[in-house]
$ cat model35.txt   # compact mmCIF, C-alpha atoms
# COMPACT_ATOMS: atom_id res chain seq x y z
CA MET V 1 21.95 7.09 3.66
CA PRO V 2 19.33 5.91 1.15
CA ASP V 3 16.84 3.25 2.20
CA PRO V 4 17.69 -0.36 1.38
CA MET V 5 16.45 -2.21 -1.68
CA ARG V 6 14.43 -5.39 -1.58
CA ILE V 7 15.97 -8.03 -3.81
CA ARG V 8 14.65 -11.51 -4.52
CA ALA V 9 16.38 -13.98 -6.83
CA GLN V 10 14.68 -17.24 -7.65
CA ALA V 11 16.33 -19.95 -9.73
CA ALA V 12 14.30 -22.20 -12.03
CA GLY V 13 16.41 -24.46 -14.24
CA ASP V 14 19.32 -22.46 -15.64
CA LYS V 15 17.38 -19.22 -15.45
CA THR V 16 17.17 -17.00 -12.40
CA THR V 17 14.55 -14.31 -12.10
CA VAL V 18 15.75 -11.31 -10.14
CA ARG V 19 13.20 -8.86 -8.73
CA VAL V 20 14.36 -5.58 -7.27
CA LEU V 21 12.41 -2.86 -5.49
CA MET V 22 14.30 0.40 -5.02
CA SER V 23 13.34 3.17 -2.66
CA HIS V 24 13.81 6.45 -4.52
CA GLU V 25 11.90 9.69 -5.08
CA MET V 26 12.64 9.78 -8.85
CA GLU V 27 11.89 13.49 -9.25
CA THR V 28 11.72 14.52 -12.89
CA GLY V 29 12.77 18.12 -12.35
CA LEU V 30 9.58 19.25 -14.05
CA ARG V 31 7.26 19.31 -11.07
CA LYS V 32 6.61 22.36 -8.95
CA ASP V 33 5.99 22.46 -5.22
CA ALA V 34 3.12 24.18 -3.41
CA ALA V 35 4.99 27.48 -3.54
CA GLY V 36 5.43 27.25 -7.32
CA LYS V 37 9.15 26.55 -7.14
CA THR V 38 10.59 23.82 -9.36
CA ILE V 39 11.49 20.67 -7.48
CA PRO V 40 15.03 19.82 -8.61
CA ALA V 41 15.55 16.66 -10.65
CA TRP V 42 16.62 13.67 -8.59
CA PHE V 43 16.57 10.29 -10.22
CA ILE V 44 18.52 7.09 -10.62
CA GLN V 45 20.83 7.27 -13.64
CA GLU V 46 22.64 4.00 -13.60
CA VAL V 47 21.70 0.53 -12.42
CA THR V 48 24.11 -2.39 -12.44
CA ALA V 49 23.86 -5.97 -11.25
CA GLN V 50 26.61 -8.43 -10.49
CA LEU V 51 26.47 -12.17 -10.16
CA ASN V 52 29.21 -13.31 -7.77
CA GLY V 53 31.06 -10.08 -8.51
CA LYS V 54 30.80 -10.42 -12.30
CA PRO V 55 28.74 -7.74 -14.08
CA VAL V 56 25.64 -9.22 -15.72
CA PHE V 57 23.38 -6.21 -16.17
CA THR V 58 23.73 -2.48 -16.72
CA ALA V 59 21.02 0.04 -17.45
CA GLU V 60 20.84 3.77 -17.93
CA TRP V 61 17.72 5.25 -16.45
CA GLY V 62 16.11 8.64 -16.80
CA PRO V 63 13.45 10.77 -15.14
CA SER V 64 10.59 8.87 -16.76
CA VAL V 65 11.01 5.89 -14.45
CA SER V 66 8.46 5.82 -11.62
CA LYS V 67 8.96 6.57 -7.96
CA ASN V 68 10.06 3.51 -5.92
CA PRO V 69 10.88 1.60 -9.11
CA PHE V 70 10.53 -2.14 -9.61
CA LEU V 71 13.02 -3.94 -11.83
CA GLN V 72 12.87 -7.53 -12.98
CA PHE V 73 15.38 -9.37 -15.15
CA VAL V 74 16.49 -12.91 -15.90
CA VAL V 75 20.05 -14.16 -15.48
CA LYS V 76 21.31 -17.37 -17.03
CA GLY V 77 23.56 -19.77 -15.20
CA ALA V 78 23.08 -18.65 -11.59
CA LYS V 79 22.77 -21.39 -8.97
CA ALA V 80 21.18 -21.44 -5.53
CA GLY V 81 23.56 -19.85 -3.06
CA ASP V 82 25.06 -17.46 -5.62
CA LYS V 83 25.20 -13.79 -4.74
CA ILE V 84 23.35 -11.15 -6.74
CA ALA V 85 24.35 -7.59 -6.00
CA VAL V 86 22.47 -4.59 -7.37
CA THR V 87 23.79 -1.04 -7.36
CA TRP V 88 22.16 2.20 -8.33
CA ARG V 89 23.64 5.68 -8.66
CA ASP V 90 21.51 8.80 -8.94
CA ASN V 91 22.16 12.20 -10.49
CA LYS V 92 23.26 13.59 -7.12
CA GLY V 93 26.00 10.98 -7.03
CA GLU V 94 24.33 9.06 -4.22
CA THR V 95 24.61 5.33 -4.49
CA ARG V 96 23.32 2.22 -2.83
CA THR V 97 24.27 -1.44 -3.14
CA ASP V 98 22.34 -4.39 -1.78
CA GLU V 99 22.94 -8.09 -2.08
CA ALA V 100 20.72 -11.15 -2.15
CA THR V 101 21.31 -14.88 -2.29
CA VAL V 102 19.81 -16.89 -5.14
CA SER V 103 17.27 -19.38 -3.84
CA MET H 104 -0.23 0.20 -51.65
CA ARG H 105 -2.90 1.53 -49.36
CA THR H 106 -5.57 -0.77 -50.68
CA ARG H 107 -3.19 -3.65 -50.29
CA ASN H 108 -2.63 -2.80 -46.64
CA ILE H 109 -6.33 -2.58 -45.99
CA ALA H 110 -6.82 -5.91 -47.67
CA ALA H 111 -4.05 -7.36 -45.51
CA ILE H 112 -5.68 -5.97 -42.35
CA ALA H 113 -9.04 -7.31 -43.39
CA ALA H 114 -7.49 -10.71 -43.98
CA ALA H 115 -5.81 -10.56 -40.59
CA LEU H 116 -9.07 -9.60 -38.94
CA ALA H 117 -10.86 -12.43 -40.65
CA ALA H 118 -8.19 -14.81 -39.42
CA THR H 119 -8.58 -13.50 -35.86
CA ALA H 120 -12.30 -13.84 -36.03
CA ALA H 121 -11.94 -17.38 -37.20
CA THR H 122 -9.52 -18.49 -34.52
CA VAL H 123 -10.61 -16.45 -31.49
CA PRO H 124 -14.30 -16.01 -30.80
CA LEU H 125 -14.78 -12.25 -30.94
CA LEU H 126 -17.32 -12.34 -28.16
CA ALA H 127 -14.78 -13.63 -25.69
CA GLN H 128 -12.53 -10.64 -26.39
CA GLU H 129 -15.32 -8.16 -26.00
CA SER H 130 -16.49 -9.60 -22.70
CA LYS H 131 -13.17 -8.67 -21.06
CA SER H 132 -14.30 -5.80 -18.89
CA ALA H 133 -12.31 -2.86 -17.62
CA SER H 134 -12.09 -4.45 -14.20
CA ASP H 135 -10.57 -7.59 -15.73
CA GLY H 136 -7.94 -5.37 -17.29
CA ILE H 137 -7.21 -3.77 -13.94
CA ALA H 138 -7.04 -7.17 -12.27
CA GLU H 139 -4.47 -8.18 -14.90
CA TYR H 140 -2.44 -5.04 -14.24
CA ARG H 141 -2.51 -5.72 -10.50
CA LYS H 142 -1.33 -9.27 -11.11
CA MET H 143 1.62 -7.95 -13.10
CA LEU H 144 2.59 -5.59 -10.30
CA GLU H 145 1.97 -8.08 -7.51
CA ASP H 146 5.57 -9.23 -7.35
CA GLY H 147 6.86 -5.72 -7.01
CA ASN H 148 4.59 -3.99 -4.55
CA PRO H 149 6.59 -1.02 -3.22
CA ALA H 150 4.58 -1.34 0.01
CA GLU H 151 7.36 -3.80 0.89
CA LEU H 152 9.75 -0.88 1.18
CA PHE H 153 7.44 0.66 3.77
CA GLU H 154 7.07 -2.66 5.59
CA ALA H 155 10.85 -2.85 5.93
CA LYS H 156 10.96 0.71 7.22
CA GLY H 157 8.14 0.00 9.65
CA GLU H 158 9.79 -3.09 11.07
CA ASP H 159 12.94 -1.10 11.65
CA LEU H 160 10.98 1.71 13.35
CA TRP H 161 9.25 -0.83 15.62
CA LYS H 162 12.51 -2.34 16.81
CA THR H 163 14.73 0.73 17.03
CA PRO H 164 14.83 2.75 20.28
CA ARG H 165 13.61 6.24 19.41
CA GLY H 166 11.92 9.33 20.80
CA PRO H 167 12.52 11.38 23.96
CA LYS H 168 12.48 8.18 26.07
CA ASN H 169 14.75 6.36 23.62
CA ALA H 170 12.61 3.23 23.68
CA SER H 171 11.47 0.81 20.99
CA LEU H 172 7.84 -0.14 20.41
CA GLU H 173 8.46 -3.81 21.17
CA GLN H 174 6.38 -3.56 24.37
CA CYS H 175 3.43 -1.99 22.53
CA ASP H 176 0.15 -3.82 23.16
CA LEU H 177 -1.92 -3.98 19.98
CA GLY H 178 -4.69 -5.94 21.67
CA LEU H 179 -3.16 -9.42 21.82
CA GLY H 180 -0.66 -8.65 24.57
CA ALA H 181 2.52 -6.58 24.81
CA GLY H 182 4.67 -7.00 21.72
CA VAL H 183 2.33 -9.40 19.86
CA VAL H 184 2.10 -8.17 16.29
CA LYS H 185 1.08 -11.24 14.32
CA GLY H 186 -2.68 -11.35 13.90
CA ALA H 187 -3.22 -8.06 15.73
CA TRP H 188 -4.30 -6.10 12.68
CA VAL H 189 -7.26 -8.29 11.68
CA GLN H 190 -8.71 -7.70 15.17
CA MET H 191 -8.58 -3.92 15.08
CA PRO H 192 -10.20 -1.49 15.84
CA ARG H 193 -10.94 -2.89 19.30
CA TYR H 194 -11.46 -1.72 22.87
CA PHE H 195 -8.34 -1.09 24.97
CA PRO H 196 -8.82 -1.13 28.75
CA ASP H 197 -5.75 1.03 29.45
CA THR H 198 -6.96 3.98 27.39
CA LYS H 199 -10.64 3.08 27.92
CA LYS H 200 -11.19 3.69 24.21
CA VAL H 201 -11.88 1.86 21.02
CA GLN H 202 -8.79 2.39 18.89
CA ASP H 203 -7.75 1.51 15.38
CA LEU H 204 -4.21 0.56 14.43
CA GLU H 205 -3.05 4.08 13.78
CA SER H 206 -4.52 5.64 16.92
CA ARG H 207 -3.11 2.75 18.96
CA LEU H 208 0.32 3.35 17.46
CA LEU H 209 0.03 6.98 18.54
CA THR H 210 -0.74 5.83 22.09
CA CYS H 211 2.29 3.54 22.12
CA MET H 212 4.54 6.22 20.66
CA GLN H 213 3.41 8.57 23.43
CA THR H 214 3.53 6.21 26.42
CA LEU H 215 6.59 4.16 25.43
CA GLN H 216 8.67 6.58 23.40
CA GLY H 217 7.55 9.93 24.80
CA PHE H 218 6.36 11.47 21.53
CA ASP H 219 3.46 13.93 21.65
CA ALA H 220 0.51 12.04 20.13
CA ASP H 221 -1.58 15.18 19.57
CA GLU H 222 1.25 16.82 17.71
CA ILE H 223 1.70 13.77 15.46
CA ALA H 224 -2.06 13.67 14.81
CA LYS H 225 -1.89 17.30 13.64
CA THR H 226 1.12 16.71 11.37
CA PRO H 227 0.23 16.49 7.65
CA PHE H 228 0.40 13.00 6.11
CA ASP H 229 3.86 11.80 5.05
CA LYS H 230 5.64 14.46 7.14
CA GLY H 231 7.79 13.87 10.22
CA GLU H 232 6.52 11.24 12.63
CA GLN H 233 3.28 10.93 10.67
CA ALA H 234 5.34 9.09 8.03
CA SER H 235 6.60 6.77 10.77
CA VAL H 236 3.03 5.91 11.78
CA THR H 237 2.25 4.99 8.17
CA ALA H 238 5.33 2.79 7.83
CA LEU H 239 4.56 1.10 11.16
CA ALA H 240 0.98 0.48 10.03
CA ALA H 241 2.31 -1.09 6.82
CA TRP H 242 4.51 -3.51 8.75
CA VAL H 243 1.97 -4.38 11.44
CA SER H 244 -0.73 -5.08 8.85
CA SER H 245 1.69 -7.16 6.77
CA MET H 246 2.14 -9.45 9.77
CA SER H 247 -1.55 -10.43 9.42
CA ARG H 248 -1.44 -11.03 5.67
CA GLY H 249 -3.64 -13.96 4.67
CA MET H 250 -5.53 -13.96 7.97
CA LYS H 251 -9.25 -13.38 8.21
CA MET H 252 -10.85 -10.23 9.58
CA ALA H 253 -12.13 -11.00 13.07
CA LEU H 254 -12.93 -7.79 14.91
CA PRO H 255 -14.16 -8.34 18.46
CA GLN H 256 -17.67 -7.13 19.30
CA LYS H 257 -17.83 -8.25 22.92
CA HIS H 258 -17.28 -5.00 24.77
CA ALA H 259 -20.16 -2.53 25.04
CA GLU H 260 -17.96 0.24 23.64
CA GLU H 261 -17.16 -1.87 20.57
CA LYS H 262 -20.86 -2.33 19.92
CA ARG H 263 -21.48 1.36 20.50
CA PHE H 264 -18.75 2.23 18.00
CA TYR H 265 -20.27 -0.12 15.44
CA GLU H 266 -23.59 1.72 15.72
CA LEU H 267 -21.80 5.06 15.64
CA GLY H 268 -19.90 4.00 12.52
CA LYS H 269 -23.12 2.86 10.90
CA ARG H 270 -24.68 6.25 11.54
CA ALA H 271 -21.66 8.06 10.13
CA PHE H 272 -21.68 5.74 7.12
CA PHE H 273 -25.26 6.61 6.20
CA TYR H 274 -25.07 10.26 7.26
CA ARG H 275 -25.78 12.46 4.25
CA GLY H 276 -24.43 15.97 4.13
CA GLY H 277 -22.16 18.48 2.46
CA PRO H 278 -22.77 20.49 -0.72
CA MET H 279 -23.43 17.29 -2.71
CA ASP H 280 -25.65 15.63 -0.12
CA PHE H 281 -23.36 12.61 -0.04
CA ALA H 282 -22.93 9.77 2.38
CA CYS H 283 -20.37 6.96 2.40
CA ALA H 284 -23.34 4.80 1.46
CA SER H 285 -23.94 6.81 -1.74
CA CYS H 286 -20.94 5.04 -3.29
CA HIS H 287 -20.41 2.05 -1.02
CA GLY H 288 -23.97 1.03 -0.21
CA GLU H 289 -24.64 -1.46 -2.99
CA PRO H 290 -22.53 -3.81 -5.12
CA GLY H 291 -21.43 -3.25 -8.72
CA LYS H 292 -20.70 0.47 -8.57
CA ARG H 293 -17.54 2.22 -9.65
CA ILE H 294 -15.85 5.60 -9.93
CA ARG H 295 -14.25 5.82 -13.39
CA LEU H 296 -12.46 2.47 -13.59
CA GLN H 297 -12.26 1.73 -9.88
CA ASP H 298 -14.72 -0.81 -8.59
CA LEU H 299 -16.38 0.38 -5.42
CA PRO H 300 -16.79 -2.26 -2.75
CA ASP H 301 -20.12 -2.58 -0.98
CA LEU H 302 -19.03 -1.89 2.56
CA THR H 303 -22.35 -2.67 4.22
CA ARG H 304 -21.47 -6.37 3.95
CA ASN H 305 -18.36 -8.51 3.43
CA PRO H 306 -17.17 -7.39 -0.02
CA GLY H 307 -14.83 -10.39 -0.35
CA ASN H 308 -11.22 -11.32 0.31
CA GLY H 309 -8.74 -8.48 0.03
CA ILE H 310 -11.38 -5.91 -0.93
CA GLY H 311 -12.34 -2.78 0.96
CA PHE H 312 -11.32 -2.78 4.60
CA ALA H 313 -9.14 -5.88 4.10
CA ALA H 314 -6.93 -4.09 1.56
CA TRP H 315 -5.72 -1.02 3.47
CA PRO H 316 -3.01 0.13 4.18
CA ALA H 317 -2.12 0.16 0.48
CA TYR H 318 0.50 1.58 -1.86
CA ARG H 319 -0.92 3.88 -4.50
CA VAL H 320 1.10 3.65 -7.68
CA SER H 321 -0.26 6.89 -9.13
CA SER H 322 1.01 9.02 -6.27
CA GLY H 323 3.81 6.81 -5.01
CA GLU H 324 2.44 6.99 -1.47
CA LEU H 325 1.43 4.51 1.15
CA TRP H 326 -1.98 5.19 2.65
CA GLY H 327 -3.28 3.84 5.90
CA MET H 328 -7.00 3.53 6.65
CA GLN H 329 -6.90 6.96 8.29
CA ARG H 330 -5.69 8.59 5.11
CA ARG H 331 -8.11 6.56 3.00
CA LEU H 332 -10.99 7.87 5.12
CA ASN H 333 -9.59 11.39 5.08
CA ASP H 334 -9.73 11.30 1.28
CA CYS H 335 -13.25 9.84 1.28
CA PHE H 336 -14.33 12.80 3.40
CA ARG H 337 -12.65 15.13 0.91
CA GLN H 338 -14.44 13.49 -2.01
CA GLN H 339 -17.75 14.00 -0.23
CA ARG H 340 -16.77 17.67 0.34
CA PHE H 341 -17.04 17.07 4.09
CA PRO H 342 -14.75 18.88 6.50
CA TYR H 343 -11.58 16.86 7.07
CA PRO H 344 -11.86 14.50 10.04
CA GLY H 345 -9.23 14.71 12.75
CA PHE H 346 -6.51 12.06 12.51
CA ALA H 347 -7.45 9.10 14.73
CA SER H 348 -10.71 10.86 15.71
CA ASP H 349 -13.64 8.84 17.04
CA VAL H 350 -15.64 9.07 13.82
CA THR H 351 -12.81 7.59 11.75
CA VAL H 352 -12.33 4.76 14.25
CA ALA H 353 -16.09 4.15 14.34
CA LEU H 354 -16.19 3.88 10.54
CA GLY H 355 -13.32 1.43 10.80
CA VAL H 356 -15.27 -0.68 13.29
CA TYR H 357 -18.33 -0.62 11.02
CA MET H 358 -16.42 -1.67 7.90
CA GLY H 359 -14.19 -4.13 9.73
CA VAL H 360 -17.03 -5.93 11.50
CA ASN H 361 -18.98 -6.12 8.23
CA ALA H 362 -15.93 -7.62 6.52
CA LYS H 363 -15.75 -10.46 9.07
CA GLY H 364 -14.12 -13.50 7.48
CA ALA H 365 -12.56 -11.57 4.59
CA GLU H 366 -8.91 -12.40 4.04
CA SER H 367 -6.51 -9.51 4.53
CA ILE H 368 -4.04 -8.72 1.74
CA ALA H 369 -2.80 -5.50 3.36
CA PRO H 370 -0.67 -3.70 2.50
CA ALA H 371 -2.21 -3.99 -0.94
CA LEU H 372 -1.39 -2.33 -4.23
CA LYS H 373 -3.74 0.25 -5.70
CA ARG H 374 -3.73 1.99 -9.09
$ encode --input "model35.txt" --output "structure tokens"
Amino acid sequence: MPDPMRIRAQAAGDKTTVRVLMSHEMETGLRKDAAGKTIPAWFIQEVTAQLNGKPVFTAEWGPSVSKNPFLQFVVKGAKAGDKIAVTWRDNKGETRTDEATVS
Amino acid sequence: MRTRNIAAIAAALAATAATVPLLAQESKSASDGIAEYRKMLEDGNPAELFEAKGEDLWKTPRGPKNASLEQCDLGLGAGVVKGAWVQMPRYFPDTKKVQDLESRLLTCMQTLQGFDADEIAKTPFDKGEQASVTALAAWVSSMSRGMKMALPQKHAEEKRFYELGKRAFFYRGGPMDFACASCHGEPGKRIRLQDLPDLTRNPGNGIGFAAWPAYRVSSGELWGMQRRLNDCFRQQRFPYPGFASDVTVALGVYMGVNAKGAESIAPALKR
């Protein structure tokens, strides 16, 4: 089971800033370990966000994104108390969803 | 076409020069640039992920004795975490030793949870239970964020460790005849773009001792003070110090006492 994300969503006027920290190795598949063997690629491929169950954000990621990535985006029209859910899926098919309440 | 472009650039430059004083732009130093970069990353310090992990490890029953660490005494009484970090390393009557956060965590993991502290100390960083110690250190230190360093110096052992740390700090050796003081003995020094804090005095809020544990963006790792010191020893081409060994704790006492009054920002974010 992957480690949880940290999500914060702060409303200011009609705009809500969402900040997400994901816990992921993000291996490029190009690095080698101490024994000289290639470390297999393992990275997040797809990130989606939903506001009260309605998709508001999708992104396709690749191996160039850093380890433990940080994502920030702005959503229009969210109010305090609304639910923001973020989901990622990596190239091994593993997935994780976490939810936060807009404040 | 080319001449026209050059003319356009020249015009643009002239316009810039007219509106923004050129001097002001030039005076922005490399460390200002780094400070800006840190500011940008402040909201998304991945150390938070380690804090969350550490909190979970503290509260979850684990180890051969299947116990949590909630009864662990970090110096302010069993289970008191808030404010504990800014008063460490300190003397602990039960072990009759001056201990820093990481060595104290080892003690608690051994006495409460039944882990083998020596074995954890020998484990490479980021492997097995060593990774747990790091995550725990991240969480414990985060519970003192914004508080001022206030290491006790009442007990004779604490004073002895300060003197010991001072000696280690100024001890020159190795193939490059280096001491900690070679880099950290006066203000305004740096390695490449990293400012080096003067650790013989209080280097300021959130600098030096008051910034570790920290997340290092370049390696994607969280480092506690033990690992920070381990790498300082490596850079001096000294033999690696034992994890939680007396010399590392003594250096912690020396830096921590010197930093008295500095505000802790740990776990911080490093390049």
$ residues_around --input "model35.txt" --residues "V:Thr58" --least-positions-apart "4" --cutoff "10 Å" --atoms "all atoms listed in the file" --output "list in words"
Glu46, Val47, Thr48, Ala49, Gln50, Val86, Thr87 and Trp88 of chain V
$ interface_residues --input "model35.txt" --of "chain V" --to "chain H" --cutoff "8 Å" --atoms "all atoms listed in the file" --output "PyMOL selection string"
chain V and resi 4-6+19-23+67-70
$ closest_residue --input "model35.txt" --among "V:Thr95, V:Asp33, V:Ile39, V:Val18" --to "V:Phe57" --atoms "all atoms listed in the file"
V:Val18
$ residues_around --input "model35.txt" --residues "H:Pro192" --least-positions-apart "5" --cutoff "6 Å" --atoms "all atoms listed in the file" --output "list in words"
Gln202, Asp203 and Val356 of chain H
$ residues_around --input "model35.txt" --residues "V:Ser64" --least-positions-apart "5" --cutoff "10 Å" --atoms "all atoms listed in the file" --output "number ranges by chain"
V: 26-28, 43
$ residues_around --input "model35.txt" --residues "H:Thr210" --least-positions-apart "5" --cutoff "9 Å" --atoms "all atoms listed in the file" --output "MDAnalysis selection string"
chainID H and resid 175 198 205 215 220
$ atom_distance --input "model35.txt" --atom1 "atom CA of V:Arg96" --atom2 "atom CA of H:Ser245"
25.5 Å
$ closest_residue --input "model35.txt" --among "V:Ala35, V:Leu30, V:Ala12, V:Ile44" --to "V:Val74" --atoms "only C-alpha atoms"
V:Ala12
